[in-house]
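Participant: So here's query-v3.cif, just mmCIF, C-alpha atoms:
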```
data_upload
loop_
_atom_site.label_atom_id
_atom_site.label_comp_id
_atom_site.auth_asym_id
_atom_site.auth_seq_id
_atom_site.Cartn_x
_atom_site.Cartn_y
_atom_site.Cartn_z
CA MET S 22 -4.27 13.77 -11.81
CA ASN S 23 -1.58 16.17 -13.02
CA THR S 24 1.16 16.25 -10.40
CA GLY S 25 3.25 18.95 -12.07
CA THR S 26 4.53 21.98 -10.21
CA LYS S 27 1.67 24.18 -11.47
CA LEU S 28 -1.03 22.08 -9.81
CA ASN S 29 -3.24 24.13 -7.49
CA TYR S 30 -3.59 21.76 -4.55
CA GLN S 31 -6.40 23.76 -2.95
CA LYS S 32 -8.50 23.61 -6.10
CA GLU S 33 -7.84 19.89 -6.42
CA LEU S 34 -8.91 19.39 -2.80
CA ASP S 35 -12.05 21.44 -3.47
CA ARG S 36 -12.87 19.16 -6.38
CA ILE S 37 -12.54 16.05 -4.21
CA LEU S 38 -14.56 17.50 -1.33
CA ASN S 39 -17.32 18.72 -3.65
CA GLY S 40 -17.54 15.22 -5.11
CA LEU S 41 -17.91 13.70 -1.65
CA GLU S 42 -20.71 16.12 -0.84
CA ARG S 43 -22.58 15.37 -4.06
CA ARG S 44 -22.35 11.64 -3.42
CA GLN S 45 -23.15 12.12 0.29
CA GLU S 46 -20.09 10.08 1.22
CA VAL S 47 -18.16 10.42 4.50
CA PRO S 48 -15.01 8.36 4.00
CA ALA S 49 -12.34 7.52 6.57
CA LEU S 50 -9.26 9.75 6.60
CA LEU S 51 -5.99 9.12 8.40
CA LEU S 52 -4.58 12.56 9.20
CA HIS S 53 -0.91 12.65 10.08
CA SER S 54 -0.48 15.46 12.60
CA CYS S 55 2.72 17.24 13.55
CA CYS S 56 1.16 19.06 16.51
CA ALA S 57 -2.13 20.24 17.99
CA PRO S 58 -1.90 23.86 16.75
CA CYS S 59 -1.39 22.81 13.12
CA SER S 60 -4.14 20.19 13.34
CA SER S 61 -6.70 22.62 14.79
CA TYR S 62 -7.71 24.30 11.54
CA VAL S 63 -7.35 21.10 9.52
CA LEU S 64 -9.74 19.30 11.88
CA GLU S 65 -12.21 22.17 11.75
CA TYR S 66 -12.01 22.17 7.96
CA LEU S 67 -12.12 18.44 7.19
CA ALA S 68 -14.25 16.92 9.96
CA ARG S 69 -17.46 17.69 8.09
CA TYR S 70 -16.26 15.62 5.13
CA PHE S 71 -14.43 12.71 6.79
CA ARG S 72 -14.35 10.36 9.74
CA ILE S 73 -10.86 11.29 10.93
CA THR S 74 -8.19 9.32 12.74
CA ILE S 75 -5.30 11.48 13.92
CA PHE S 76 -2.03 9.62 13.45
CA TYR S 77 0.74 11.06 15.57
CA TYR S 78 4.08 9.87 14.19
CA ASN S 79 6.91 12.35 14.64
CA PRO S 80 10.25 10.68 15.46
CA ASN S 81 12.01 13.92 14.57
CA ILE S 82 10.88 15.63 17.78
CA SER S 83 13.50 16.03 20.48
CA PRO S 84 13.84 15.76 23.40
CA GLU S 85 11.36 13.09 24.43
CA GLU S 86 9.86 15.43 27.03
CA GLU S 87 8.92 17.81 24.21
CA TYR S 88 7.49 14.92 22.20
CA ARG S 89 5.30 13.79 25.13
CA LYS S 90 4.08 17.33 25.74
CA ARG S 91 2.94 17.65 22.13
CA VAL S 92 1.19 14.27 22.25
CA GLU S 93 -0.82 15.32 25.29
CA GLU S 94 -1.80 18.64 23.69
CA GLN S 95 -3.01 16.76 20.62
CA LYS S 96 -5.15 14.47 22.75
CA ARG S 97 -6.57 17.41 24.70
CA LEU S 98 -7.56 19.26 21.54
CA ILE S 99 -9.41 16.21 20.23
CA ARG S 100 -11.29 15.92 23.53
CA GLU S 101 -12.25 19.58 23.70
CA MET S 102 -12.94 20.54 20.10
CA PRO S 103 -16.55 20.06 18.96
CA LEU S 104 -16.54 18.45 15.52
CA GLU S 105 -19.19 17.03 13.23
CA HIS S 106 -17.82 13.48 13.33
CA PRO S 107 -15.86 11.79 16.16
CA VAL S 108 -12.08 11.95 15.84
CA HIS S 109 -9.90 9.04 16.94
CA PHE S 110 -6.26 9.16 18.00
CA VAL S 111 -3.51 6.69 17.15
CA GLU S 112 0.06 7.23 18.31
CA GLY S 113 2.84 5.78 16.21
CA LYS S 114 6.13 4.57 17.62
CA TYR S 115 8.56 7.14 18.95
CA GLU S 116 11.68 6.22 16.97
CA PRO S 117 14.15 9.14 17.15
CA GLU S 118 16.97 6.87 16.01
CA LEU S 119 15.35 6.65 12.57
CA PHE S 120 15.37 10.41 12.23
CA PHE S 121 19.00 10.77 13.31
CA GLU S 122 20.00 8.05 10.87
CA LEU S 123 18.42 9.87 7.90
CA ALA S 124 19.91 13.18 9.07
CA LYS S 125 23.52 11.91 8.99
CA GLY S 126 25.64 14.15 6.79
CA LEU S 127 22.85 16.74 6.60
CA GLU S 128 23.22 18.25 10.05
CA GLU S 129 24.28 21.66 8.71
CA VAL S 130 21.67 21.88 5.93
CA PRO S 131 19.34 24.83 6.63
CA GLU S 132 15.75 24.07 7.62
CA GLY S 133 13.60 23.50 4.56
CA GLY S 134 16.25 21.57 2.63
CA GLU S 135 17.08 17.93 1.93
CA ARG S 136 17.07 16.86 5.59
CA CYS S 137 13.48 18.10 5.91
CA PHE S 138 12.48 16.34 2.69
CA ARG S 139 13.78 13.04 4.06
CA CYS S 140 11.90 13.68 7.29
CA TYR S 141 8.69 14.32 5.34
CA GLU S 142 9.15 11.02 3.54
CA LEU S 143 9.80 9.08 6.75
CA ARG S 144 6.59 10.33 8.31
CA LEU S 145 4.37 10.19 5.24
CA ARG S 146 5.41 6.66 4.32
CA GLU S 147 4.61 5.51 7.85
CA ALA S 148 1.28 7.33 7.65
CA ALA S 149 0.49 5.55 4.39
CA ARG S 150 1.29 2.19 5.96
CA ALA S 151 -0.88 2.99 8.98
CA ALA S 152 -3.72 4.09 6.71
CA LYS S 153 -3.60 0.81 4.85
CA GLU S 154 -3.46 -1.22 8.06
CA LEU S 155 -6.40 0.70 9.51
CA ARG S 156 -8.34 0.43 6.22
CA GLN S 157 -8.66 4.16 5.73
CA ASP S 158 -9.97 5.55 2.47
CA TYR S 159 -7.43 8.40 2.32
CA PHE S 160 -4.45 9.76 4.18
CA THR S 161 -2.87 13.21 4.36
CA THR S 162 -0.82 15.45 6.66
CA THR S 163 -1.25 18.73 8.52
CA LEU S 164 2.28 19.77 7.54
CA THR S 165 1.17 21.85 4.54
CA ILE S 166 -0.43 24.40 6.87
CA SER S 167 2.98 25.76 7.86
CA PRO S 168 4.37 28.70 5.87
CA LEU S 169 7.80 27.14 6.51
CA LYS S 170 6.96 23.80 4.88
CA ASN S 171 7.24 23.01 1.18
CA ALA S 172 3.70 22.07 0.18
CA ALA S 173 4.69 20.99 -3.34
CA LYS S 174 7.32 18.61 -1.98
CA LEU S 175 4.96 17.23 0.67
CA ASN S 176 2.30 16.50 -1.93
CA GLU S 177 4.84 14.94 -4.26
CA ILE S 178 6.07 12.62 -1.49
CA GLY S 179 2.55 11.85 -0.27
CA LEU S 180 1.27 10.97 -3.72
CA ALA S 181 4.25 8.68 -4.36
CA ALA S 182 3.89 6.94 -0.98
CA GLY S 183 0.17 6.48 -1.48
CA GLU S 184 0.63 4.99 -4.92
CA GLU S 185 3.32 2.62 -3.73
CA ILE S 186 1.49 1.46 -0.60
CA GLY S 187 -2.00 1.51 -2.04
CA VAL S 188 -3.89 4.26 -0.21
CA PRO S 189 -5.03 7.47 -1.94
CA TYR S 190 -3.22 10.58 -0.72
CA LEU S 191 -5.42 13.63 -0.20
CA VAL S 192 -3.55 16.60 -1.65
CA SER S 193 -3.59 19.85 0.29
CA ASP S 194 -2.16 23.28 0.89
CA PHE S 195 -3.86 24.03 4.18
CA LYS S 196 -2.18 27.42 4.58
CA LYS S 197 -4.43 28.70 1.77
CA ARG S 198 -7.58 30.67 2.59
CA ASN S 199 -6.02 31.93 5.81
CA GLY S 200 -5.63 28.40 7.16
CA TYR S 201 -2.48 29.22 9.08
CA LYS S 202 -4.07 32.40 10.50
CA ARG S 203 -7.09 30.38 11.61
CA SER S 204 -4.83 27.83 13.31
CA VAL S 205 -3.27 30.66 15.34
CA GLU S 206 -6.75 31.85 16.36
CA LEU S 207 -7.85 28.35 17.37
CA SER S 208 -4.63 27.82 19.30
CA ALA S 209 -5.40 30.93 21.32
CA GLU S 210 -9.03 29.88 21.79
CA TYR S 211 -8.04 26.47 23.21
CA GLY S 212 -4.92 27.69 25.00
CA LEU S 213 -2.69 25.33 23.03
CA TYR S 214 1.01 25.07 23.60
CA ARG S 215 2.68 26.57 20.52
CA GLN S 216 6.31 25.53 20.21
CA ASN S 217 8.83 27.92 18.63
CA TYR S 218 10.59 25.27 16.55
CA CYS S 219 9.52 22.48 14.20
CA GLY S 220 10.60 19.66 16.46
CA CYS S 221 14.08 18.39 15.67
CA ILE S 222 17.27 19.53 17.38
CA PHE S 223 18.42 21.19 14.17
CA SER S 224 15.33 23.37 13.86
CA ARG S 225 15.62 24.23 17.55
CA ARG S 226 19.22 25.30 17.01
CA GLU S 227 18.10 27.62 14.20
CA ALA S 228 15.24 28.99 16.31
CA ASP S 229 17.60 29.70 19.21
CA ALA S 230 19.99 31.49 16.83
CA ARG S 231 17.15 33.67 15.52
CA MET S 232 16.14 34.59 19.05
CA ALA S 233 19.73 35.43 19.95
CA ARG S 234 20.02 37.74 16.93
CA LYS S 235 16.82 39.53 17.90
CA THR S 236 18.11 39.98 21.43
CA ASP S 237 21.33 41.51 20.11
CA GLU S 238 19.54 43.97 17.82
#
```
Is it possible to express this structure as structure tokens?

Facilitator:
Amino acid sequence: MNTGTKLNYQKELDRILNGLERRQEVPALLLHSCCAPCSSYVLEYLARYFRITIFYYNPNISPEEEYRKRVEEQKRLIREMPLEHPVHFVEGKYEPELFFELAKGLEEVPEGGERCFRCYELRLREAARAAKELRQDYFTTTLTISPLKNAAKLNEIGLAAGEEIGVPYLVSDFKKRNGYKRSVELSAEYGLYRQNYCGCIFSRREADARMARKTDE
């Protein structure tokens, strides 16, 4: 597959999903999730094609109370959302020290830069390892649904991790076709907790600064 910058990830995903339908296959997919709101649309979209295991590995989230709150919301959504195939939940280790180690020297880099790219790699590599251990046919992440996340970089990292570890990475750009809009609608429908920052202390600092500027206007 061409992995150049001009690749249309949605069209590539369509091609894969259409092939599964033609062959009447329902493979196992490990879906790395950053939070329940982002996973809502992705679950609705992909559950007809795959037997999904949600893998919750997000050592970037701080404080731990926030992390635990997001875990419980993810579990609740899985329990309450009617889907074509059962969805399983696996929680990875909460290892904030790994995130802070990779962030050293990048504390002042704006959100969406190199610090985020390293965070993507940390989580996607662990997802690939989990997918291999759990004998999944594919793995992917909900992260591409966010308008604030770099879908091209996520796919680049995911493809590289999958090739190295030996599990196919399912390319995506879930924000396409109003995916992000649908996630907002589903979040409202299920009363999901929607956080106002990505998860790490650096993104929270930026979110707080934005709110302060709005208050001053």

Participant: Taking into account only C-alpha atoms, which residue in the set S:Ala49, S:Met102, S:Ala182, S:Ile222 is nearest to Ser61 in chain S?

Facilitator: S:Met102

Participant: What's the 9 Å shell around Glu142 in chain S, counting all atoms listed in the file, without same-chain residues fewer than 5 positions away, as a VMD selection string?

Facilitator: chain S and resid 137 147 175 178 to 179 182

Participant: Which is closer to Ala209 in chain S than all the others in S:Leu52, S:Met232, S:Ala57, S:Ile75, using all atoms listed in the file?

Facilitator: S:Ala57

Participant: Name the residues, using the chain letters and numbers of the file, that sit within 10 Å of (-10.2, 19.0, -0.9) when counting all atoms listed in the file, and give them as a VMD selection string.

Facilitator: chain S and resid 30 to 41 66 to 67 70 191 to 195

Participant: Residues at most 9 Å from Arg144 in chain S, counting only C-alpha atoms, excluding those fewer than 2 positions away in the same chain, as a list in words?

Facilitator: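 The residues satisfying every condition are His53, Tyr78, Asn79, Pro80, Arg139, Cys140, Tyr141, Glu142, Arg146, Glu147, Ala148 and Ala149 of chain S.
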
Participant: Do you know which residues are at most 6 Å from Tyr190 in chain S counting all atoms listed in the file, after dropping those on the same chain fewer than 2 positions away, and could you put them as a PyMOL selection string?

Facilitator: chain S and resi 159-161+179-180+183

Participant: Between CA of Gly126 in chain S and CA of Ala151 in chain S, what is the distance, to one decimal in Å?

Facilitator: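 Those two atoms sit 28.9 Å apart.
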
Participant: Pick out the residues sitting within 7 Å of range 171-173 of chain S, and hand them over as a PyMOL selection string; count only C-alpha atoms, and ignore anything fewer than 3 positions along from it in its own chain.

Facilitator: chain S and resi 26+165+176-177+194

Participant: Which residues are close to Phe223 in chain S, i.e. within 12 Å by all atoms listed in the file, leaving aside same-chain residues fewer than 5 positions away? Reply as an mmCIF file with C-alpha atoms, in the frame of the given file.

Facilitator:
```cif
data_model
loop_
_atom_site.group_PDB
_atom_site.id
_atom_site.type_symbol
_atom_site.label_atom_id
_atom_site.label_comp_id
_atom_site.auth_asym_id
_atom_site.auth_seq_id
_atom_site.Cartn_x
_atom_site.Cartn_y
_atom_site.Cartn_z
ATOM 1 C CA ASN S 81 12.010 13.920 14.570
ATOM 2 C CA ILE S 82 10.880 15.630 17.780
ATOM 3 C CA SER S 83 13.500 16.030 20.480
ATOM 4 C CA PRO S 84 13.840 15.760 23.400
ATOM 5 C CA PHE S 120 15.370 10.410 12.230
ATOM 6 C CA PHE S 121 19.000 10.770 13.310
ATOM 7 C CA ALA S 124 19.910 13.180 9.070
ATOM 8 C CA LYS S 125 23.520 11.910 8.990
ATOM 9 C CA LEU S 127 22.850 16.740 6.600
ATOM 10 C CA GLU S 128 23.220 18.250 10.050
ATOM 11 C CA GLU S 129 24.280 21.660 8.710
ATOM 12 C CA VAL S 130 21.670 21.880 5.930
ATOM 13 C CA PRO S 131 19.340 24.830 6.630
ATOM 14 C CA GLU S 132 15.750 24.070 7.620
ATOM 15 C CA GLY S 133 13.600 23.500 4.560
ATOM 16 C CA GLY S 134 16.250 21.570 2.630
ATOM 17 C CA ARG S 136 17.070 16.860 5.590
ATOM 18 C CA CYS S 137 13.480 18.100 5.910
ATOM 19 C CA TYR S 218 10.590 25.270 16.550
ATOM 20 C CA ALA S 228 15.240 28.990 16.310
ATOM 21 C CA ASP S 229 17.600 29.700 19.210
ATOM 22 C CA ALA S 230 19.990 31.490 16.830
#
```

Participant: I'd like the residues picked by the PyMOL selection byres ((chain S and resi 48) around 7) written out as JSON, numbers by chain, using the chain letters and numbers from the file.

Facilitator: {"S": [46, 47, 49, 50, 71, 72, 158]}

Participant: Counting all atoms listed in the file, which residue out of S:Ala181, S:Tyr211, S:Pro107, S:Tyr201 sits closest to Gln95 in chain S?

Facilitator: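 The answer is S:Tyr211, which sits nearest to Gln95 in chain S.
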
Participant: For Gln216 in chain S, which residue among S:Val63, S:Ala68, S:Cys56, S:Leu119 is the nearest when counting all atoms listed in the file?

Facilitator: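 For Gln216 in chain S, the nearest of the given residues is S:Cys56.
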
Participant: To test the calculation: enclose all listed atoms of range 81-84 of chain S in a box whose edges run along x, y and z, add 6 Å on each side, then state centre and edge lengths in Å to one decimal, as lines of an AutoDock Vina configuration file.

Facilitator:
```
center_x = 12.4
center_y = 15.0
center_z = 19.0
size_x = 15.0
size_y = 14.1
size_z = 20.8
```

Participant: Quick one: of S:Thr74, S:His109, S:Val92, S:Leu143, who's nearest to Gln157 in chain S, counting all atoms listed in the file?

Facilitator: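 Counting all atoms listed in the file, the residue closest to Gln157 in chain S is S:Thr74.
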
Participant: Here's the selection I'm unsure about, the PyMOL selection byres ((chain S and resi 113) around 6); applied to the file above, which residues does it give, as a list in words?

Facilitator: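 After applying the PyMOL selection byres ((chain S and resi 113) around 6), what remains is Tyr77, Tyr78, Glu112 and Lys114 of chain S.
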
Participant: What's the separation between CA of Cys221 in chain S and CA of Leu164 in chain S, in Å to one decimal place?

Facilitator: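 Between CA of Cys221 in chain S and CA of Leu164 in chain S the gap works out to 14.4 Å.
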
Participant: As a check of understanding, name the residues that the PyMOL selection byres ((chain S and resi 214) around 9) selects in the supplied structure, as a ChimeraX atom specification.

Facilitator: /S:57-58,90-91,94,208-209,212-213,215-216

Participant: Work out how far CA of Ile73 in chain S is from CA of Lys153 in chain S, in Å to one decimal.

Facilitator: 14.1 Å

Participant: Would you please work out which residue, of S:Tyr62, S:Tyr88, S:Tyr115, S:Phe138, is nearest to Ile166 in chain S when using all atoms listed in the file?

Facilitator: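 Under the stated criterion, the closest residue is S:Tyr62.
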